[in-house]
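For reference, structure11.csv (CSV, C-alpha atoms):
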chain,number,residue,atom,x,y,z
A,28,MET,CA,6.5,8.5,-7.4
A,29,ALA,CA,5.8,5.4,-5.4
A,30,TYR,CA,2.8,4.8,-3.1
A,31,VAL,CA,3.2,4.8,0.7
A,32,ILE,CA,1.0,3.5,3.4
A,33,LYS,CA,0.0,6.0,6.1
A,34,SER,CA,-0.3,5.5,9.8
A,35,ASN,CA,-4.1,5.0,9.6
A,36,CYS,CA,-3.5,1.6,8.0
A,37,ILE,CA,-5.6,-1.0,9.8
A,38,ALA,CA,-3.6,-4.0,8.4
A,39,CYS,CA,-6.7,-5.6,6.9
A,40,GLY,CA,-4.8,-7.1,4.0
A,41,SER,CA,-6.9,-5.7,1.2
A,42,CYS,CA,-4.0,-4.2,-0.6
A,43,ILE,CA,-1.6,-7.2,-0.6
A,44,ASP,CA,-3.4,-9.4,-3.1
A,45,GLU,CA,-3.9,-6.4,-5.4
A,46,CYS,CA,-0.2,-5.6,-5.8
A,47,PRO,CA,1.0,-7.2,-9.1
A,48,VAL,CA,4.7,-7.0,-8.1
A,49,GLY,CA,4.5,-8.1,-4.4
A,50,ALA,CA,5.8,-4.7,-3.1
A,51,ILE,CA,3.7,-4.7,0.1
A,52,SER,CA,4.9,-6.3,3.3
A,53,GLU,CA,2.8,-7.1,6.3
A,54,GLY,CA,3.1,-5.7,9.8
A,55,ASP,CA,1.2,-3.6,12.3
A,56,ILE,CA,1.2,-1.1,9.6
A,57,TYR,CA,1.9,-2.5,6.1
A,58,LYS,CA,4.8,-1.1,4.1
A,59,ILE,CA,5.4,-0.6,0.4
A,60,ASP,CA,8.9,-1.1,-1.0
A,61,GLY,CA,9.3,2.1,-3.0
A,62,SER,CA,12.0,0.5,-5.3
A,63,ALA,CA,9.6,-2.3,-6.3
A,64,CYS,CA,6.4,-0.2,-6.6
A,65,ILE,CA,5.4,0.3,-10.2
A,66,GLU,CA,2.9,3.0,-9.3
A,67,CYS,CA,-0.1,1.2,-10.7
A,68,GLY,CA,-2.4,2.4,-7.9
A,69,ALA,CA,-4.2,-0.9,-7.4
A,70,CYS,CA,-3.3,-1.0,-3.7
A,71,ALA,CA,-4.8,2.5,-3.1
A,72,ALA,CA,-8.0,1.6,-4.9
A,73,ALA,CA,-8.4,-1.5,-2.8
A,74,CYS,CA,-7.8,0.2,0.6
A,75,PRO,CA,-11.0,0.6,2.5
A,76,ASN,CA,-9.4,3.1,4.9
A,77,ASP,CA,-7.8,5.5,2.4
A,78,ALA,CA,-4.4,4.8,4.0
A,79,ILE,CA,-2.4,4.6,0.7
A,80,GLU,CA,-1.4,7.6,-1.2
A,81,GLN,CA,1.2,8.5,-3.9
A,82,GLU,CA,4.3,10.0,-2.3

Rewrite the structure of this file - the entire thing - as C-alpha coordinates.
Amino acid sequence: MAYVIKSNCIACGSCIDECPVGAISEGDIYKIDGSACIECGACAAACPNDAIEQE
(Lines of atoms letter the chains of each structure in order from A and count residues from 1; the text may use other names and numbers.)
(Lines give C-alpha, C1' and ligand atoms only; values in the text may rest on other atoms or scores of the structure.)
Protein backbone atom coordinates (compact mmCIF):
# COMPACT_ATOMS: atom_id res chain seq x y z
CA MET A 1 0.00 0.00 0.00
CA ALA A 2 1.40 3.35 -1.04
CA TYR A 3 2.23 6.18 1.31
CA VAL A 4 0.06 9.31 1.50
CA ILE A 5 0.69 12.79 2.82
CA LYS A 6 -1.89 14.03 5.32
CA SER A 7 -3.29 17.53 5.73
CA ASN A 8 -0.82 18.37 8.50
CA CYS A 9 1.96 18.59 5.89
CA ILE A 10 3.88 21.86 6.31
CA ALA A 11 5.49 21.66 2.84
CA CYS A 12 9.01 21.79 4.30
CA GLY A 13 10.55 19.65 1.55
CA SER A 14 12.24 17.11 3.81
CA CYS A 15 10.57 14.19 2.04
CA ILE A 16 11.26 15.09 -1.60
CA ASP A 17 15.00 14.41 -1.61
CA GLU A 18 14.47 11.12 0.24
CA CYS A 19 12.17 9.59 -2.41
CA PRO A 20 14.30 7.37 -4.66
CA VAL A 21 11.71 7.31 -7.46
CA GLY A 22 10.59 10.96 -7.48
CA ALA A 23 7.00 10.13 -6.54
CA ILE A 24 6.47 13.29 -4.44
CA SER A 25 5.25 16.54 -5.96
CA GLU A 26 5.35 19.98 -4.35
CA GLY A 27 2.38 22.15 -3.45
CA ASP A 28 0.69 23.72 -0.43
CA ILE A 29 0.44 20.14 0.75
CA TYR A 30 2.81 17.74 -0.99
CA LYS A 31 1.38 14.71 -2.79
CA ILE A 32 2.67 11.21 -3.44
CA ASP A 33 1.90 9.51 -6.75
CA GLY A 34 0.56 6.16 -5.51
CA SER A 35 1.33 4.41 -8.78
CA ALA A 36 5.00 5.45 -8.59
CA CYS A 37 5.49 4.89 -4.84
CA ILE A 38 7.61 1.81 -4.10
CA GLU A 39 6.60 1.78 -0.42
CA CYS A 40 10.13 2.17 0.91
CA GLY A 41 9.10 4.50 3.75
CA ALA A 42 12.02 6.88 3.33
CA CYS A 43 9.67 9.85 3.04
CA ALA A 44 7.82 8.98 6.25
CA ALA A 45 11.09 8.60 8.13
CA ALA A 46 12.25 12.03 6.92
CA CYS A 47 9.03 13.91 7.76
CA PRO A 48 9.45 16.08 10.87
CA ASN A 49 5.68 16.52 11.25
CA ASP A 50 4.58 12.86 10.99
CA ALA A 51 2.42 13.84 8.02
CA ILE A 52 3.17 10.75 5.94
CA GLU A 53 1.58 7.37 6.55
CA GLN A 54 1.00 4.15 4.71
CA GLU A 55 -2.47 4.01 3.19

If you count all atoms listed in the file, which residues fall within 8 Å of Ser41 of chain A, apart from same-chain ones fewer than 5 positions away, as a ChimeraX atom specification?
-> /A:70,73-75

Restricting to all atoms listed in the file, whichever of A:Ala72, A:Val31, A:Ala78, A:Ala38 is closest to Gly54 of chain A is A:Ala38

Selection: 9 Å around Ala63 of chain A, all atoms listed in the file, excl. self and same-chain fewer than 3 positions, as a ChimeraX atom specification = /A:29,48-50,59-60

Choose the residue, out of A:Cys39, A:Asp77, A:Gly68, A:Ile32, that has the smallest atom-to-atom separation from Ile51 of chain A; count all atoms listed in the file.
-> A:Ile32

Just give me the gap between atom CA of Asn35 of chain A and atom CA of Ile56 of chain A in Å, one decimal is fine.
-> 8.1 Å

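Put simply, atom CA of Asp55 of chain A is 11.5 Å away from atom CA of Lys33 of chain A.
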
Could you state the separation of atom CA of Ser52 of chain A and atom CA of Asn76 of chain A in Å, given to one decimal place?
-> 17.2 Å

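Closest approach to Met28 of chain A among A:Glu53, A:Glu82, A:Ser62, A:Cys46: A:Glu82, based on all atoms listed in the file.
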
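Closest approach to Glu80 of chain A from the set A:Tyr30, A:Gly40, A:Cys64, A:Lys58 is made by A:Tyr30, with distances taken over only C-alpha atoms.
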